[in-house]
file model.csv (CSV, C-alpha atoms)
chain,number,residue,atom,x,y,z
A,98,MET,CA,160.1,-123.3,-57.6
A,99,PRO,CA,158.2,-120.0,-57.2
A,100,GLN,CA,156.5,-121.5,-54.2
A,101,PHE,CA,159.7,-121.4,-52.2
A,102,ASP,CA,160.4,-117.8,-53.0
A,103,PHE,CA,159.3,-116.5,-49.6
A,104,SER,CA,159.5,-112.9,-50.6
A,105,THR,CA,156.1,-113.4,-52.2
A,106,ALA,CA,154.6,-115.1,-49.2
A,107,LEU,CA,153.7,-112.0,-47.2
A,108,PRO,CA,151.5,-110.3,-49.8
A,109,GLN,CA,149.8,-113.6,-50.5
A,110,ILE,CA,149.0,-114.2,-46.9
A,111,LEU,CA,147.8,-110.6,-46.4
A,112,TRP,CA,145.5,-110.8,-49.4
A,113,LEU,CA,144.3,-114.2,-48.2
A,114,ILE,CA,143.4,-112.8,-44.8
A,115,PHE,CA,141.5,-110.0,-46.5
A,116,VAL,CA,139.7,-112.1,-49.1
A,117,PHE,CA,139.0,-115.1,-46.8
A,118,GLY,CA,137.9,-112.7,-44.0
A,119,ALA,CA,135.4,-111.1,-46.3
A,120,LEU,CA,134.1,-114.5,-47.4
A,121,TYR,CA,133.8,-115.7,-43.8
A,122,LEU,CA,131.7,-112.6,-42.9
A,123,VAL,CA,129.4,-113.2,-45.9
A,124,VAL,CA,129.0,-116.9,-45.1
A,125,ARG,CA,128.1,-116.1,-41.5
A,126,GLY,CA,125.3,-113.8,-42.7
A,127,LEU,CA,124.2,-116.2,-45.4
A,128,LEU,CA,124.1,-119.6,-43.7
A,129,PRO,CA,121.3,-118.7,-41.2
A,130,LYS,CA,119.2,-117.5,-44.2
A,131,VAL,CA,119.7,-120.7,-46.1
A,132,ASP,CA,119.1,-122.8,-42.9
A,133,ARG,CA,115.8,-120.9,-42.3
A,134,VAL,CA,114.6,-121.7,-45.8
A,135,VAL,CA,115.5,-125.4,-45.4
A,136,GLU,CA,114.0,-125.4,-41.9
A,137,ASN,CA,110.8,-123.8,-43.3
A,138,ARG,CA,110.5,-126.4,-46.0
A,139,ARG,CA,111.1,-129.2,-43.5
A,140,ALA,CA,108.4,-127.8,-41.1
A,141,ARG,CA,106.0,-127.3,-44.1
A,142,ILE,CA,106.5,-130.9,-45.2
A,143,ALA,CA,106.1,-132.3,-41.7
A,144,GLY,CA,102.9,-130.2,-41.2
A,145,ASP,CA,101.5,-131.3,-44.5
A,146,LEU,CA,102.2,-134.9,-43.6
A,147,ARG,CA,100.5,-134.4,-40.2
A,148,GLU,CA,97.5,-132.9,-41.9
A,149,ALA,CA,97.3,-135.7,-44.4
A,150,GLU,CA,97.5,-138.2,-41.6
A,151,ALA,CA,94.7,-136.5,-39.7
A,152,ALA,CA,92.6,-136.4,-42.9
A,153,ARG,CA,93.2,-140.1,-43.4
A,154,ASP,CA,92.3,-140.9,-39.8
A,155,ALA,CA,89.1,-138.9,-40.2
A,156,ALA,CA,88.2,-140.7,-43.4
A,157,GLN,CA,88.8,-144.0,-41.8
A,158,ALA,CA,86.7,-143.1,-38.8
A,159,SER,CA,83.8,-142.0,-41.1
A,160,VAL,CA,84.1,-145.1,-43.1
A,161,SER,CA,83.9,-147.3,-40.0
A,162,GLY,CA,81.0,-145.1,-38.8
A,163,GLY,CA,79.2,-145.7,-42.1
A,164,ASN,CA,79.8,-149.4,-41.8
A,165,THR,CA,78.2,-149.4,-38.4
A,166,ILE,CA,75.2,-147.5,-39.7
A,167,LEU,CA,74.9,-149.9,-42.6
A,168,ALA,CA,75.1,-152.9,-40.3
A,169,GLU,CA,72.4,-151.5,-38.0
A,170,ALA,CA,70.2,-150.7,-41.0
A,171,ARG,CA,70.7,-154.2,-42.3
A,172,ALA,CA,69.8,-155.7,-38.9
A,173,ARG,CA,66.7,-153.5,-38.6
A,174,SER,CA,65.5,-154.4,-42.1
A,175,LEU,CA,66.1,-158.1,-41.4
A,176,ALA,CA,64.0,-157.8,-38.3
A,177,VAL,CA,61.2,-156.0,-40.1
A,178,THR,CA,61.1,-158.5,-43.0
A,179,GLY,CA,61.3,-161.4,-40.5
A,180,LYS,CA,58.3,-160.0,-38.6
A,181,ALA,CA,56.3,-159.5,-41.8
A,182,ARG,CA,57.1,-163.0,-42.9
A,183,ASP,CA,56.0,-164.5,-39.6
A,184,ALA,CA,52.8,-162.5,-39.6
A,185,ALA,CA,52.0,-163.6,-43.2
A,186,ASN,CA,52.8,-167.2,-42.3
A,187,ALA,CA,50.4,-167.0,-39.3
A,188,ALA,CA,47.6,-165.4,-41.4
A,189,ASN,CA,48.0,-168.1,-44.1
A,190,GLY,CA,47.9,-170.9,-41.5
A,191,ARG,CA,44.7,-169.5,-40.0
A,192,LYS,CA,43.0,-169.1,-43.4
A,193,LEU,CA,44.1,-172.6,-44.4
A,194,ALA,CA,42.7,-174.0,-41.2
A,195,GLU,CA,39.4,-172.3,-41.8
A,196,ILE,CA,39.2,-173.6,-45.3
A,197,ASP,CA,40.1,-177.0,-44.1
A,198,ALA,CA,37.3,-176.9,-41.5
A,199,SER,CA,34.7,-175.7,-43.9
A,200,LEU,CA,35.7,-178.3,-46.5
A,201,LYS,CA,35.4,-181.0,-43.9
A,202,ALA,CA,32.0,-179.8,-42.8
A,203,HIS,CA,30.8,-179.8,-46.4
A,204,GLY,CA,32.2,-183.2,-47.0
A,205,GLU,CA,30.5,-184.7,-43.9
A,206,ALA,CA,27.1,-183.1,-44.9
A,207,ALA,CA,27.5,-184.5,-48.4
A,208,ALA,CA,28.4,-188.0,-47.1
A,209,ALA,CA,25.4,-187.9,-44.7
A,210,SER,CA,22.9,-187.0,-47.5
A,211,LEU,CA,24.4,-189.6,-49.7
A,212,GLU,CA,24.0,-192.2,-47.0
A,213,ALA,CA,20.3,-191.2,-46.5
A,214,ALA,CA,19.7,-191.4,-50.3
A,215,ARG,CA,21.3,-194.8,-50.3
A,216,VAL,CA,19.2,-196.1,-47.5
A,217,ALA,CA,16.0,-194.7,-49.1
A,218,ALA,CA,17.0,-196.2,-52.4
A,219,LEU,CA,17.6,-199.6,-50.7
A,220,ALA,CA,14.2,-199.4,-49.0
A,221,GLU,CA,12.6,-198.6,-52.3
A,222,LEU,CA,14.5,-201.6,-53.9
A,223,ASP,CA,12.8,-204.0,-51.5
A,224,ALA,CA,9.4,-202.7,-52.3
A,225,VAL,CA,10.2,-202.9,-56.1
A,226,ALA,CA,11.5,-206.4,-55.6
A,227,GLY,CA,8.3,-207.5,-53.7
A,228,GLU,CA,6.1,-206.1,-56.4
A,229,ALA,CA,8.2,-207.7,-59.1
A,230,THR,CA,8.0,-211.0,-57.2
A,231,VAL,CA,4.1,-210.8,-57.0
A,232,GLU,CA,3.9,-210.1,-60.7
A,233,LEU,CA,6.4,-213.0,-61.4
A,234,VAL,CA,4.6,-215.5,-59.3
A,235,GLN,CA,1.2,-214.5,-60.9
A,236,ARG,CA,2.6,-215.0,-64.4
A,237,VAL,CA,4.7,-218.1,-63.8
A,238,ALA,CA,2.7,-220.1,-61.2
A,239,GLY,CA,-0.7,-218.4,-61.4
A,240,ILE,CA,-0.7,-218.0,-57.7
A,241,ALA,CA,-1.8,-214.7,-56.2
A,242,VAL,CA,0.4,-213.7,-53.3
A,243,SER,CA,0.0,-210.7,-51.3
A,244,ASN,CA,2.5,-208.0,-51.3
A,245,ASP,CA,3.5,-208.6,-47.7
A,246,GLU,CA,4.2,-212.3,-48.3
A,247,ALA,CA,6.4,-211.4,-51.3
A,248,ALA,CA,8.3,-208.8,-49.4
A,249,SER,CA,9.1,-211.2,-46.5
A,250,ALA,CA,10.2,-213.9,-49.0
A,251,VAL,CA,12.5,-211.4,-50.8
A,252,LYS,CA,13.9,-210.4,-47.5
A,253,LYS,CA,14.6,-214.0,-46.6
A,254,VAL,CA,16.4,-214.7,-49.9
A,255,ALA,CA,18.4,-211.4,-49.8
A,256,ALA,CA,19.5,-212.0,-46.2
B,187,MET,CA,159.3,-126.6,-74.1
B,188,ALA,CA,157.9,-124.0,-71.8
B,189,ASN,CA,159.0,-124.3,-68.2
B,190,PRO,CA,156.2,-126.2,-66.3
B,191,LEU,CA,156.9,-124.1,-63.2
B,192,GLU,CA,156.1,-120.9,-65.0
B,193,GLN,CA,152.4,-121.2,-64.1
B,194,PHE,CA,153.2,-120.8,-60.4
B,195,ALA,CA,155.2,-117.6,-60.8
B,196,ILE,CA,153.9,-114.6,-58.8
B,197,THR,CA,153.6,-111.4,-60.9
B,198,ARG,CA,153.4,-108.1,-59.1
B,199,TYR,CA,150.8,-105.9,-60.7
B,200,ALA,CA,150.9,-103.0,-58.2
B,201,ASP,CA,152.9,-102.3,-55.0
B,202,LEU,CA,150.8,-101.8,-52.0
B,203,SER,CA,151.6,-101.8,-48.3
B,204,VAL,CA,149.5,-102.3,-45.2
B,205,ALA,CA,151.1,-100.8,-42.0
B,206,GLY,CA,154.5,-101.0,-43.6
B,207,ALA,CA,154.1,-104.7,-44.7
B,208,ASP,CA,154.3,-105.7,-48.3
B,209,ALA,CA,150.8,-106.2,-49.6
B,210,ALA,CA,151.5,-106.0,-53.3
B,211,PHE,CA,148.6,-106.8,-55.7
B,212,THR,CA,149.8,-109.8,-57.6
B,213,ASN,CA,148.2,-112.5,-59.8
B,214,ALA,CA,147.6,-114.5,-56.6
B,215,SER,CA,145.6,-111.6,-55.2
B,216,LEU,CA,143.7,-111.3,-58.5
B,217,PHE,CA,142.7,-115.0,-58.5
B,218,MET,CA,141.7,-114.8,-54.8
B,219,LEU,CA,139.4,-112.0,-55.8
B,220,VAL,CA,138.1,-114.0,-58.8
B,221,THR,CA,137.5,-116.9,-56.5
B,222,LEU,CA,135.6,-114.7,-54.0
B,223,GLY,CA,133.6,-113.1,-56.9
B,224,LEU,CA,132.5,-116.5,-58.2
B,225,ILE,CA,131.5,-117.7,-54.8
B,226,LEU,CA,129.5,-114.5,-54.2
B,227,ALA,CA,127.8,-114.9,-57.6
B,228,PHE,CA,126.9,-118.5,-56.6
B,229,PHE,CA,125.5,-117.3,-53.2
B,230,TRP,CA,123.6,-114.6,-55.1
B,231,LEU,CA,122.1,-117.1,-57.5
B,232,GLY,CA,121.4,-119.5,-54.7
B,233,THR,CA,119.5,-117.1,-52.5
B,234,ARG,CA,118.0,-114.8,-55.2
B,235,ASN,CA,114.5,-116.4,-55.3
B,236,ALA,CA,114.5,-118.4,-52.1
B,237,ALA,CA,111.4,-120.6,-52.7
B,238,LEU,CA,109.7,-123.5,-51.0
B,239,VAL,CA,110.5,-125.7,-54.0
B,240,PRO,CA,114.1,-124.8,-54.8
B,241,GLY,CA,115.4,-123.9,-58.2
B,242,ARG,CA,118.7,-125.3,-59.5
B,243,TRP,CA,121.1,-122.8,-57.9
B,244,GLN,CA,119.1,-122.8,-54.7
B,245,ALA,CA,119.2,-126.6,-54.6
B,246,ALA,CA,123.0,-126.6,-55.3
B,247,LEU,CA,123.7,-124.0,-52.5
B,248,GLU,CA,121.4,-125.8,-50.0
B,249,GLY,CA,123.0,-129.1,-50.9
B,250,MET,CA,126.4,-127.7,-50.2
B,251,THR,CA,125.5,-126.1,-46.9
B,252,GLY,CA,123.7,-129.2,-45.9
B,253,PHE,CA,126.7,-131.4,-46.8
B,254,ILE,CA,129.0,-129.3,-44.7
B,255,THR,CA,126.5,-129.1,-41.8
B,256,ASP,CA,126.1,-132.8,-41.8
B,257,MET,CA,129.9,-133.3,-41.9
B,258,VAL,CA,130.3,-131.1,-38.9
B,259,ASP,CA,127.4,-132.7,-37.0
B,260,GLU,CA,128.9,-136.2,-37.7
B,261,ASN,CA,132.5,-135.4,-36.7
B,262,ILE,CA,132.1,-132.8,-33.9
B,263,GLY,CA,128.5,-133.0,-32.8
B,264,PRO,CA,126.2,-130.2,-31.7
B,265,LYS,CA,129.0,-128.2,-30.1
B,266,GLY,CA,130.5,-127.9,-33.6
B,267,ARG,CA,127.7,-125.8,-35.0
B,268,ALA,CA,129.6,-122.6,-34.3
B,269,PHE,CA,132.3,-123.7,-36.7
B,270,VAL,CA,130.0,-124.5,-39.6
B,271,PRO,CA,130.5,-121.0,-41.3
B,272,PHE,CA,134.3,-121.3,-41.0
B,273,ILE,CA,134.4,-124.8,-42.4
B,274,PHE,CA,131.9,-124.0,-45.1
B,275,SER,CA,134.1,-121.0,-46.1
B,276,LEU,CA,137.2,-123.1,-46.1
B,277,PHE,CA,135.6,-125.8,-48.3
B,278,ILE,CA,134.0,-123.5,-50.9
B,279,PHE,CA,137.1,-121.3,-51.1
B,280,ILE,CA,139.5,-124.2,-51.7
B,281,LEU,CA,137.1,-125.9,-54.0
B,282,VAL,CA,136.5,-122.9,-56.2
B,283,ALA,CA,140.2,-121.9,-56.2
B,284,ASN,CA,141.2,-125.5,-57.2
B,285,MET,CA,138.6,-125.5,-60.0
B,286,ILE,CA,139.7,-122.1,-61.3
B,287,GLY,CA,143.2,-123.3,-61.4
B,288,LEU,CA,142.2,-126.0,-64.0
B,289,PHE,CA,141.5,-123.3,-66.6
B,290,PRO,CA,144.4,-122.8,-69.0
B,291,PHE,CA,146.4,-119.6,-68.3
B,292,SER,CA,144.8,-119.2,-64.9
B,293,PHE,CA,146.7,-119.2,-61.6
B,294,THR,CA,146.0,-121.7,-58.8
B,295,VAL,CA,145.8,-119.9,-55.5
B,296,THR,CA,146.0,-123.2,-53.5
B,297,SER,CA,149.2,-124.4,-55.3
B,298,HIS,CA,151.3,-122.0,-53.1
B,299,ILE,CA,152.6,-123.2,-49.7
B,300,ALA,CA,152.2,-119.7,-48.4
B,301,VAL,CA,148.4,-119.9,-48.8
B,302,THR,CA,147.9,-123.5,-47.7
B,303,PHE,CA,150.3,-123.0,-44.7
B,304,ALA,CA,148.5,-119.8,-43.7
B,305,PHE,CA,145.2,-121.8,-43.6
B,306,ALA,CA,146.8,-124.8,-41.8
B,307,ALA,CA,148.5,-122.6,-39.2
B,308,PHE,CA,145.3,-120.6,-38.6
B,309,ILE,CA,143.4,-123.9,-38.1
B,310,PHE,CA,146.1,-125.2,-35.8
B,311,LEU,CA,145.9,-121.9,-33.7
B,312,ILE,CA,142.1,-122.2,-33.5
B,313,CYS,CA,142.4,-125.8,-32.4
B,314,VAL,CA,144.8,-124.9,-29.6
B,315,ILE,CA,142.9,-121.8,-28.5
B,316,VAL,CA,139.5,-123.6,-28.5
B,317,GLY,CA,141.0,-126.5,-26.6
B,318,ILE,CA,142.6,-124.4,-23.9
B,319,ALA,CA,139.6,-122.2,-23.6
B,320,LYS,CA,137.2,-125.1,-23.2
B,321,HIS,CA,139.3,-127.5,-21.1
B,322,GLY,CA,142.1,-125.4,-19.7
B,323,PHE,CA,145.2,-127.4,-18.7
B,324,HIS,CA,143.1,-130.6,-19.1
B,325,PHE,CA,143.5,-130.0,-22.9
B,326,PHE,CA,147.0,-131.6,-22.7
B,327,SER,CA,145.4,-134.9,-21.8
B,328,LEU,CA,144.9,-135.1,-25.6
B,329,PHE,CA,148.5,-136.4,-25.7
B,330,VAL,CA,147.8,-139.1,-23.0
B,331,PRO,CA,145.5,-141.8,-24.4
B,332,ALA,CA,143.3,-143.3,-21.7
B,333,ASN,CA,144.2,-146.7,-20.2
B,334,THR,CA,147.8,-146.7,-21.4
B,335,PRO,CA,150.4,-148.4,-19.2
B,336,ALA,CA,152.8,-145.9,-17.5
B,337,VAL,CA,155.8,-147.4,-19.3
B,338,LEU,CA,154.3,-147.0,-22.7
B,339,LEU,CA,153.4,-143.4,-21.9
B,340,LEU,CA,157.1,-142.5,-22.2
B,341,LEU,CA,156.9,-143.5,-25.8
B,342,ILE,CA,153.3,-142.6,-26.7
B,343,VAL,CA,153.2,-139.0,-25.3
B,344,PRO,CA,156.1,-137.8,-27.6
B,345,ILE,CA,154.5,-139.6,-30.6
B,346,GLU,CA,151.1,-138.0,-29.9
B,347,LEU,CA,152.8,-134.6,-29.4
B,348,ILE,CA,154.8,-134.9,-32.7
B,349,SER,CA,151.7,-136.0,-34.6
B,350,PHE,CA,149.8,-133.0,-33.1
B,351,LEU,CA,152.5,-130.5,-34.0
B,352,SER,CA,152.9,-131.9,-37.5
B,353,ARG,CA,149.3,-131.4,-38.3
B,354,PRO,CA,149.7,-127.9,-39.8
B,355,LEU,CA,152.6,-129.2,-42.0
B,356,THR,CA,150.7,-132.3,-43.3
B,357,LEU,CA,147.5,-130.3,-43.8
B,358,SER,CA,149.2,-127.6,-45.8
B,359,ILE,CA,151.7,-129.8,-47.8
B,360,ARG,CA,148.9,-132.2,-48.8
B,361,LEU,CA,146.9,-129.5,-50.6
B,362,PHE,CA,149.9,-127.7,-52.0
B,363,ALA,CA,151.6,-130.8,-53.2
B,364,ASN,CA,148.5,-132.2,-54.8
B,365,MET,CA,147.8,-129.0,-56.7
B,366,THR,CA,151.4,-128.4,-57.7
B,367,ALA,CA,152.1,-132.0,-58.8
B,368,GLY,CA,148.9,-132.2,-60.8
B,369,HIS,CA,149.5,-128.9,-62.6
B,370,ILE,CA,153.1,-129.8,-63.4
B,371,LEU,CA,152.0,-133.1,-64.8
B,372,LEU,CA,149.3,-131.5,-67.0
B,373,LYS,CA,151.8,-128.9,-68.2
B,374,VAL,CA,154.5,-131.5,-69.0
B,375,PHE,CA,152.2,-133.7,-71.0
B,376,ALA,CA,150.6,-130.7,-72.8
B,377,GLY,CA,154.1,-129.5,-73.6
B,378,PHE,CA,154.9,-132.9,-75.2
B,379,VAL,CA,152.0,-132.5,-77.6
B,380,ILE,CA,153.6,-129.3,-78.9
B,381,SER,CA,157.2,-130.4,-79.0
B,382,LEU,CA,156.5,-133.8,-80.6
B,383,GLY,CA,154.2,-132.2,-83.1
B,384,ALA,CA,156.9,-129.7,-84.1
B,385,ALA,CA,159.7,-132.4,-84.2
B,386,GLY,CA,158.5,-133.9,-87.6
B,387,GLY,CA,158.5,-137.4,-88.9
B,388,ILE,CA,157.5,-140.3,-86.7
B,389,LEU,CA,157.5,-138.0,-83.7
B,390,THR,CA,154.7,-135.9,-85.2
B,391,ALA,CA,152.7,-139.1,-85.8
B,392,ILE,CA,152.7,-140.1,-82.1
B,393,SER,CA,152.0,-136.6,-80.8
B,394,PRO,CA,148.3,-137.4,-80.2
B,395,LEU,CA,149.4,-139.9,-77.4
B,396,PRO,CA,150.4,-137.3,-74.8
B,397,PHE,CA,147.2,-135.4,-75.8
B,398,VAL,CA,145.1,-138.4,-74.8
B,399,MET,CA,147.1,-138.6,-71.5
B,400,THR,CA,146.4,-134.9,-70.9
B,401,VAL,CA,142.7,-135.4,-71.3
B,402,ALA,CA,142.8,-138.4,-68.9
B,403,PHE,CA,144.9,-136.4,-66.3
B,404,TYR,CA,142.5,-133.5,-66.6
B,405,GLY,CA,139.7,-135.8,-65.5
B,406,LEU,CA,141.8,-137.0,-62.6
B,407,GLU,CA,142.7,-133.4,-61.6
B,408,LEU,CA,139.0,-132.5,-61.5
B,409,ILE,CA,138.5,-135.3,-59.0
B,410,VAL,CA,141.6,-134.2,-57.1
B,411,ALA,CA,140.4,-130.6,-56.9
B,412,VAL,CA,137.1,-131.7,-55.3
B,413,VAL,CA,138.6,-134.4,-53.1
B,414,GLN,CA,141.3,-132.2,-51.7
B,415,ALA,CA,138.8,-129.5,-50.8
B,416,TYR,CA,136.7,-132.2,-49.1
B,417,VAL,CA,139.7,-133.7,-47.3
B,418,PHE,CA,140.9,-130.3,-46.1
B,419,ALA,CA,137.4,-129.5,-44.6
B,420,LEU,CA,137.1,-133.0,-43.2
B,421,LEU,CA,140.5,-132.9,-41.4
B,422,THR,CA,139.7,-129.5,-40.0
B,423,CYS,CA,136.5,-131.0,-38.6
B,424,ILE,CA,138.5,-133.9,-37.1
B,425,TYR,CA,141.1,-131.6,-35.6
B,426,LEU,CA,138.4,-129.3,-34.1
B,427,ASN,CA,136.7,-132.4,-32.7
B,428,ASP,CA,139.8,-133.3,-30.8
B,429,SER,CA,139.9,-129.8,-29.3
B,430,ILE,CA,136.2,-129.6,-28.5
B,431,ASN,CA,135.5,-133.1,-27.3
B,432,LEU,CA,139.0,-134.3,-26.3
B,433,HIS,CA,138.4,-138.0,-26.6
B,434,HIS,CA,139.8,-139.8,-29.6

call {"tool": "encode", "arguments": {"input": "model.csv", "output": "C-alpha cells"}}
result
Amino acid sequence: MPQFDFSTALPQILWLIFVFGALYLVVRGLLPKVDRVVENRRARIAGDLREAEAARDAAQASVSGGNTILAEARARSLAVTGKARDAANAANGRKLAEIDASLKAHGEAAAASLEAARVAALAELDAVAGEATVELVQRVAGIAVSNDEAASAVKKVAA
Amino acid sequence: MANPLEQFAITRYADLSVAGADAAFTNASLFMLVTLGLILAFFWLGTRNAALVPGRWQAALEGMTGFITDMVDENIGPKGRAFVPFIFSLFIFILVANMIGLFPFSFTVTSHIAVTFAFAAFIFLICVIVGIAKHGFHFFSLFVPANTPAVLLLLIVPIELISFLSRPLTLSIRLFANMTAGHILLKVFAGFVISLGAAGGILTAISPLPFVMTVAFYGLELIVAVVQAYVFALLTCIYLNDSINLHH
C-alpha cells in the first residue's frame, strides 16, 4: 500500500503544513468579517422588530384614546338629547294643562248658559200651559178662568 | 484489472527541499493546492457581495461558519471561541479534500495516513499544550475521574491514560481507513464492470450489476466524505473541551 511507504510521508506533511497554515491564516481573517455581517443582520432584524413593536403599541394607544373620546362624545350627546327631551316634555305638559284648563272653562260656561236657557224655557212652558188651559176651559166648559187660576192649577197638576 | 491501490500512489513531479528536508512537489501537494484553491474560491464567492439579504454563496458560507461556531459553542462553550478558526479550517479542508477525491482520476489527500496522522498529532499536541497552559499540573486530573474509589483508581487511571494517548491514532486511522476502504471498494466494483464486459458470453450480460453497485457505493461515499469531515471536527472539539474545561 502506497500509504505505508513512509519515504513519501515527509513531503506530504511539509506541504500540508504549508497549505493548511495558509488556509488557517485566511480563515482567521475571514471569520470576523462573516461574523460581522451575520451580527449586523441580527441587530438589524432585532431593531426592526423593536420598531414594529413600538409602532404597534403606539397604534394600540391611539386606538384606545380614540375609544375614550368616542365614549365621552357619546355620553355628552346622550346628556344633551336627554335634556332636550325633558325640556320638550315639560313644555308639552304645560301647554296641555293650559289647553285643558281653557277647555274646562269653556265647558262650564256653556253648561251654565244651557242651564239658564233650560230654566227660562221651563218658566215659559208654565205660562204657555196656563194660557192653553184658559183657552181649553173656555172652549170645553165655557167657563172663563183667569190666567192666575189656570197657572196655579197647572202647577198643582205638574207637581 | 487495474490495481485498486494505484490511485493512492504518490508521484513526484519536482524535487524540492526545505532546509535540507525532502519537500518534493507531488500529486498530493497538487491536490492540497487544488483543495485550497477551491476553498478560497468559495470564500471569495461567499464574501464578494456581503449583503443584508445573503445570496446563495453567502448563505452557504454563513451557514457553514454558523454550523462550526454552534458546534464549538455547544461542545466547549465560550472559552472555545479562540479555536473556531482552527476547527473551521479543519472541517472545510477535510470536507473539500474528501469531495475532490471522489472525482475519477483525482487523488484523495485524506486517504494517506501521513496527512491524517499529521492532523491528529497536531491536535493532540494542541490539547496537551492548552491543557497544561490553562491548568498546569492539575491537567493530569483528567485521568482521575471524580468520586472514584481508591482501589478502582489502580485500574481506571491506566485505562484513561491509554485512551487519551490513543486519541491521535484513532482520530487519524478513522479518516484514513474510511477514505482508503471506500475508494478501494469503488475501484474494485468499477473494475468488475470492465473485466466482466470484456469476458464475453453470460459474463458480459451481468456486467451492469457491478455498475449498479458502483453507483450505490458512490452515494454512500458522498455521505462518508461529509460525515468523516464532521466527525473529525466534532472529535477535535470534544478533545479540546477536555483540555479547556477538564471535567468529563

call {"tool": "interface_residues", "arguments": {"input": "model.csv", "of": "chain B", "to": "chain A", "cutoff": "7 Å", "atoms": "all atoms listed in the file", "output": "list in words"}}
result
Leu191, Phe194, Ala195, Asp208, Ala209, Ala210, Ala214, Ser215, Met218, Leu219, Leu222, Leu238, Glu248, Pro271, Phe272, Ser275, His298, Ile299, Ala300, Val301 and Ala304 of chain B

call {"tool": "atom_distance", "arguments": {"input": "model.csv", "atom1": "atom CA of B:Asn431", "atom2": "atom CA of B:Gly263"}}
result
8.9 Å

call {"tool": "atom_distance", "arguments": {"input": "model.csv", "atom1": "atom CA of B:Phe211", "atom2": "atom CA of B:Tyr199"}}
result
5.5 Å

call {"tool": "closest_residue", "arguments": {"input": "model.csv", "among": "B:Phe229, B:Met250, B:Asn189, B:Ile309", "to": "B:Leu421", "atoms": "all atoms listed in the file"}}
result
B:Ile309

call {"tool": "atom_distance", "arguments": {"input": "model.csv", "atom1": "atom CA of B:His321", "atom2": "atom CA of B:Lys265"}}
result
13.7 Å

call {"tool": "axis_aligned_box", "arguments": {"input": "model.csv", "around": "stretch 319-336 of chain B", "padding_each_side": "8 Å", "output": "AutoDock Vina command-line options"}}
result
--center_x 145.0 --center_y -135.3 --center_z -21.6 --size_x 31.6 --size_y 42.2 --size_z 24.2

call {"tool": "residues_around", "arguments": {"input": "model.csv", "residues": "stretch 216-224 of chain A", "least_positions_apart": "3", "cutoff": "10 Å", "atoms": "all atoms listed in the file", "output": "count of residues only"}}
result
16

call {"tool": "residues_around", "arguments": {"input": "model.csv", "residues": "B:Met257", "least_positions_apart": "6", "cutoff": "10 Å", "atoms": "all atoms listed in the file", "output": "PyMOL selection string"}}
result
chain B and resi 251+263+266+270+273+416+419-420+423-424
